[in-house]
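Enquirer: Questions regarding the structure given below will be posed in turn.
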Amino acid sequence: MAWPQIVHTMALVSCMGLRAVAAPPPDAPPQHVPIVLARDLQLIDRELHLDPSQRAIVEALLEEVDAAGSTVEASRAFMENLGAVLRESQRAKLASVQRAIDRERMESSVQVAGENVDLGAIAFAYMRGESSDKLDAAIAAYRKELDPMLDERAALAAKPDEQQRRNAVGIAIRDLNRVAADRIAAAISSGFAADFQREVLAKGYPTAYAPLMSLEAIRRFAKESSSGVLASIEAEGATRVGVARARAVEAIRARDDARFAGDSAREAAAAAIASAERLYDEIDAWAYAAAIKAATPEQLASCEAGRAIADRAKAAADNGSRAWDNQAETIKRFDANGDGELDGDESSKLLETFARSVGRTSRRKL
């Protein structure tokens, strides 16, 4: 018998022999098992450090799951049978295997902002790997509500005619994450709770939480120049960004809610997104203008970050006062010899100015 056939037979024997041993009693509460896919072999190997013979058997078991349609039942049988080919030290890591698969499922096939956040993983990271009964209970309650939603999401993922239902499940997961984040934050050490909440939002809404170029430049200026003249701008900027992020998150949620809700809802959501994007632009413009007013030209010229602020402030002013899509205005602006065309040095000057203004003041897109 060829080696692949031997492995296949061993896997089938393992399945038949272990199912009766590992199955929970009939009155036991159902335990969630994530749907297992063939591609999870690498993930399982990374968690358990399989030897070559174990890897071959696990691969065959995964093929059986795939042949069965990657159902919950087949996945449950796989997790039950996986222990048969593991050493005792490896079996102790089965819970970590399931968490890793859960995390991979949570972060894949994302359709709705805020649904791809593994709250448990973030919480444990902020707890530096330590745990508590209160935190364990909060995460267990979260998983109890979340796991059936993930199973439904996985079942709908391959059904293009079920996209509206898939979107609804994503929104339900997002809303659960929003509520559960508060519960878990209350179970985390008070010193980490705010950071945990911020990390949850940053991961779920990355476009809203991306740094602003203007405030990053001001921070670099303060560091390079050892000057405190822009410290108050940095502090006020952080407050303004907090307001902008909160509005952006709500606008993104409204956009997801409106995806299948009709034209008027989508138009209202698009208007909210545009308003939130403008708020980021306004913060950039305010920060550059405030920096130019607070620092002297000599201070700004004394370091690279200061020169960048001066350059970008001018670019922002140029971009705000000039319409680059107005061809007649643009030609008039750069047509030094008045012949109605742009050539030679005129074209070079246009390209240089365009790159400095539009290229360095790109708008936030949510």
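By order of appearance in the structure tokens: chains A, B, ..., then residues from 1 within every chain, and ligands from 1 in the order shown.
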Tell me which protein, DNA and RNA residues are within 9 Å of stretch 285-301 of chain A, counting only C-alpha atoms, leaving out same-chain ones fewer than 6 positions away, and put them as a PDB file with N, CA and C atoms, in the first residue's frame.

Expert:
```
ATOM      1  N   SER A 214      -0.116  66.268   9.962  1.00  0.00           N
ATOM      2  CA  SER A 214       0.233  67.554  10.581  1.00  0.00           C
ATOM      3  C   SER A 214       0.698  67.368  12.019  1.00  0.00           C
ATOM      4  N   LEU A 215      -0.031  66.591  12.800  1.00  0.00           N
ATOM      5  CA  LEU A 215       0.342  66.413  14.205  1.00  0.00           C
ATOM      6  C   LEU A 215       1.605  65.583  14.352  1.00  0.00           C
ATOM      7  N   ILE A 218       4.389  68.002  13.853  1.00  0.00           N
ATOM      8  CA  ILE A 218       4.563  68.855  15.030  1.00  0.00           C
ATOM      9  C   ILE A 218       5.279  68.089  16.137  1.00  0.00           C
ATOM     10  N   PHE A 221       8.892  67.985  15.233  1.00  0.00           N
ATOM     11  CA  PHE A 221       9.505  69.295  15.428  1.00  0.00           C
ATOM     12  C   PHE A 221       9.838  69.508  16.904  1.00  0.00           C
ATOM     13  N   SER A 225      13.740  69.983  17.743  1.00  0.00           N
ATOM     14  CA  SER A 225      14.146  71.346  18.091  1.00  0.00           C
ATOM     15  C   SER A 225      14.270  71.561  19.591  1.00  0.00           C
ATOM     16  N   SER A 227      12.044  72.345  21.489  1.00  0.00           N
ATOM     17  CA  SER A 227      11.300  73.566  21.766  1.00  0.00           C
ATOM     18  C   SER A 227       9.893  73.213  22.233  1.00  0.00           C
ATOM     19  N   VAL A 229       7.375  75.402  22.002  1.00  0.00           N
ATOM     20  CA  VAL A 229       6.450  76.410  21.464  1.00  0.00           C
ATOM     21  C   VAL A 229       5.208  75.776  20.844  1.00  0.00           C
ATOM     22  N   LEU A 230       5.298  74.527  20.416  1.00  0.00           N
ATOM     23  CA  LEU A 230       4.148  73.891  19.776  1.00  0.00           C
ATOM     24  C   LEU A 230       3.458  72.875  20.681  1.00  0.00           C
ATOM     25  N   ILE A 233      -0.258  73.255  20.901  1.00  0.00           N
ATOM     26  CA  ILE A 233      -0.917  72.862  19.648  1.00  0.00           C
ATOM     27  C   ILE A 233      -1.062  71.348  19.599  1.00  0.00           C
ATOM     28  N   GLU A 234      -0.021  70.644  20.005  1.00  0.00           N
ATOM     29  CA  GLU A 234      -0.066  69.181  20.030  1.00  0.00           C
ATOM     30  C   GLU A 234      -1.172  68.701  20.963  1.00  0.00           C
ATOM     31  N   GLY A 237      -4.522  69.558  19.503  1.00  0.00           N
ATOM     32  CA  GLY A 237      -4.714  68.689  18.341  1.00  0.00           C
ATOM     33  C   GLY A 237      -5.191  67.307  18.740  1.00  0.00           C
ATOM     34  N   ARG A 307      11.040  72.586   8.798  1.00  0.00           N
ATOM     35  CA  ARG A 307      10.975  72.941   7.379  1.00  0.00           C
ATOM     36  C   ARG A 307       9.809  72.234   6.702  1.00  0.00           C
ATOM     37  N   ALA A 308       9.543  70.992   7.107  1.00  0.00           N
ATOM     38  CA  ALA A 308       8.413  70.246   6.545  1.00  0.00           C
ATOM     39  C   ALA A 308       7.093  70.917   6.909  1.00  0.00           C
ATOM     40  N   ILE A 309       7.003  71.403   8.148  1.00  0.00           N
ATOM     41  CA  ILE A 309       5.777  72.103   8.563  1.00  0.00           C
ATOM     42  C   ILE A 309       5.569  73.353   7.706  1.00  0.00           C
ATOM     43  N   ALA A 310       6.626  74.138   7.524  1.00  0.00           N
ATOM     44  CA  ALA A 310       6.508  75.358   6.729  1.00  0.00           C
ATOM     45  C   ALA A 310       6.110  75.037   5.300  1.00  0.00           C
ATOM     46  N   ARG A 312       4.567  72.316   4.160  1.00  0.00           N
ATOM     47  CA  ARG A 312       3.211  71.762   4.058  1.00  0.00           C
ATOM     48  C   ARG A 312       2.147  72.805   4.369  1.00  0.00           C
ATOM     49  N   ALA A 313       2.480  73.766   5.231  1.00  0.00           N
ATOM     50  CA  ALA A 313       1.531  74.847   5.488  1.00  0.00           C
ATOM     51  C   ALA A 313       1.311  75.667   4.220  1.00  0.00           C
ATOM     52  N   LYS A 314       2.378  75.947   3.507  1.00  0.00           N
ATOM     53  CA  LYS A 314       2.250  76.686   2.245  1.00  0.00           C
ATOM     54  C   LYS A 314       1.483  75.856   1.220  1.00  0.00           C
ATOM     55  N   ALA A 316      -0.714  73.521   1.841  1.00  0.00           N
ATOM     56  CA  ALA A 316      -2.122  73.473   2.232  1.00  0.00           C
ATOM     57  C   ALA A 316      -2.836  74.755   1.821  1.00  0.00           C
ATOM     58  N   ALA A 317      -2.157  75.886   1.991  1.00  0.00           N
ATOM     59  CA  ALA A 317      -2.757  77.159   1.592  1.00  0.00           C
ATOM     60  C   ALA A 317      -2.949  77.207   0.080  1.00  0.00           C
TER      61      ALA A 317
END
```

Enquirer: Considering only C-alpha atoms, can you say which of A:Ala141, A:Ile173, A:Val117, A:Leu43 comes closest to A:Ala202?

Expert: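 Nearest to A:Ala202: A:Val117.
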
Enquirer: To one decimal place, how far is atom CA of A:Gly83 from atom CA of A:Gly120 in Å?

Expert: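 Interatomic distance, atom CA of A:Gly83 to atom CA of A:Gly120: 24.5 Å.
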
Enquirer: Restricting the calculation to only C-alpha atoms: of A:Pro206, A:Met127, A:Glu64, A:Glu145, which residue gets closest to A:Ser190?

Expert: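 Among the listed residues, A:Met127 lies closest to A:Ser190.
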
Enquirer: Using DSSP assignments from the backbone, pull out every residue in stretch 63-296 of chain A that falls under helix (DSSP H, G or I) and give it to me as a VMD selection string.

Expert: chain A and resid 63 to 67 72 to 85 88 to 91 94 to 106 119 to 126 133 to 157 160 to 187 190 to 204 206 to 209 213 to 225 231 to 257 263 to 294

Enquirer: Quick one: residues within 12 Å of A:Phe260, only C-alpha atoms, excluding same-chain residues fewer than 2 positions away - as a list in words?

Expert: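 In the requested format, the answer is Glu162, Gln163, Gln164, Arg165, Arg166, Asn167, Ala168, Ile171, Ala254, Arg255, Asp256, Asp257, Ala258, Gly262, Asp263, Ser264, Ala265, Arg266, Glu267 and Ala269 of chain A.
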
Enquirer: Using only C-alpha atoms, which of the listed residues (A:Cys303, A:Ala193, A:Ala336, A:Ile273) sits closest to A:Glu250?

Expert: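 Nearest to A:Glu250: A:Ile273.
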
Enquirer: Of the residues A:Arg178, A:Arg198, A:Arg105, A:Arg220, which is the one nearest to A:Arg153, using only C-alpha atoms?

Expert: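 Nearest candidate to A:Arg153 out of A:Arg178, A:Arg198, A:Arg105, A:Arg220: A:Arg105.
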
Enquirer: Determine the nearest neighbour of A:Ala244 from the options A:Leu366, A:Ala125, A:Arg333, A:Ala68, counting only C-alpha atoms.

Expert: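 Among the listed residues, the smallest separation from A:Ala244 belongs to A:Leu366.
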
Enquirer: List as an NGL selection string the protein and nucleic acid residues near A:Asp136, meaning an atom at most 10 Å away when only C-alpha atoms are counted, but skip any in the same chain fewer than 5 places from it.

Expert: :A and (120 or 124 or 131 or 141-142 or 184 or 187)

Enquirer: For the residues in that selection, give me N, CA and C atoms as a short mmCIF file (atom, residue, chain, number, x, y, z; two decimals), in the first residue's frame.

Expert:
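In the end it all went to again_26.cif:
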```
data_model
loop_
_atom_site.label_atom_id
_atom_site.label_comp_id
_atom_site.auth_asym_id
_atom_site.auth_seq_id
_atom_site.Cartn_x
_atom_site.Cartn_y
_atom_site.Cartn_z
N GLY A 120 -10.70 39.17 23.07
CA GLY A 120 -9.95 38.37 24.04
C GLY A 120 -8.46 38.49 23.85
N PHE A 124 -5.91 40.07 26.69
CA PHE A 124 -4.80 39.33 27.29
C PHE A 124 -3.46 40.00 26.99
N SER A 131 -4.20 36.66 33.85
CA SER A 131 -5.64 36.58 33.76
C SER A 131 -6.24 36.73 35.15
N ALA A 141 -18.27 34.86 28.42
CA ALA A 141 -19.61 35.32 28.07
C ALA A 141 -19.63 35.90 26.65
N TYR A 142 -18.58 36.62 26.32
CA TYR A 142 -18.44 37.18 24.96
C TYR A 142 -18.37 36.07 23.92
N ILE A 184 -15.54 43.87 28.98
CA ILE A 184 -14.18 43.36 29.18
C ILE A 184 -13.29 44.45 29.77
N ALA A 187 -13.35 44.55 33.33
CA ALA A 187 -12.68 43.42 33.99
C ALA A 187 -11.16 43.51 33.91
#
```

Enquirer: Show which residues sit within 7 Å of A:Phe78, as a list in words. Count only C-alpha atoms, and ignore same-chain residues fewer than 4 positions away.

Expert: Leu61, Ala74 and Leu82 of chain A

Enquirer: Create the file for the chosen residues now, containing C-alpha atoms and written as a PDB file, in the first residue's frame.

Expert:
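And here's part-v9.pdb as it stands now:
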```
ATOM      1  CA  LEU A  61      -7.737  14.402   8.583  1.00  0.00           C
ATOM      2  CA  ALA A  74     -16.811  17.478  10.478  1.00  0.00           C
ATOM      3  CA  LEU A  82      -6.646  15.481  16.557  1.00  0.00           C
TER       4      LEU A  82
END
```

Enquirer: Contacts of A:Ser275 at 12 Å or less, counting only C-alpha atoms, minus same-chain residues fewer than 2 places along, as a PyMOL selection string?

Expert: chain A and resi 244-245+247-248+250-252+268-273+277-282+364-366
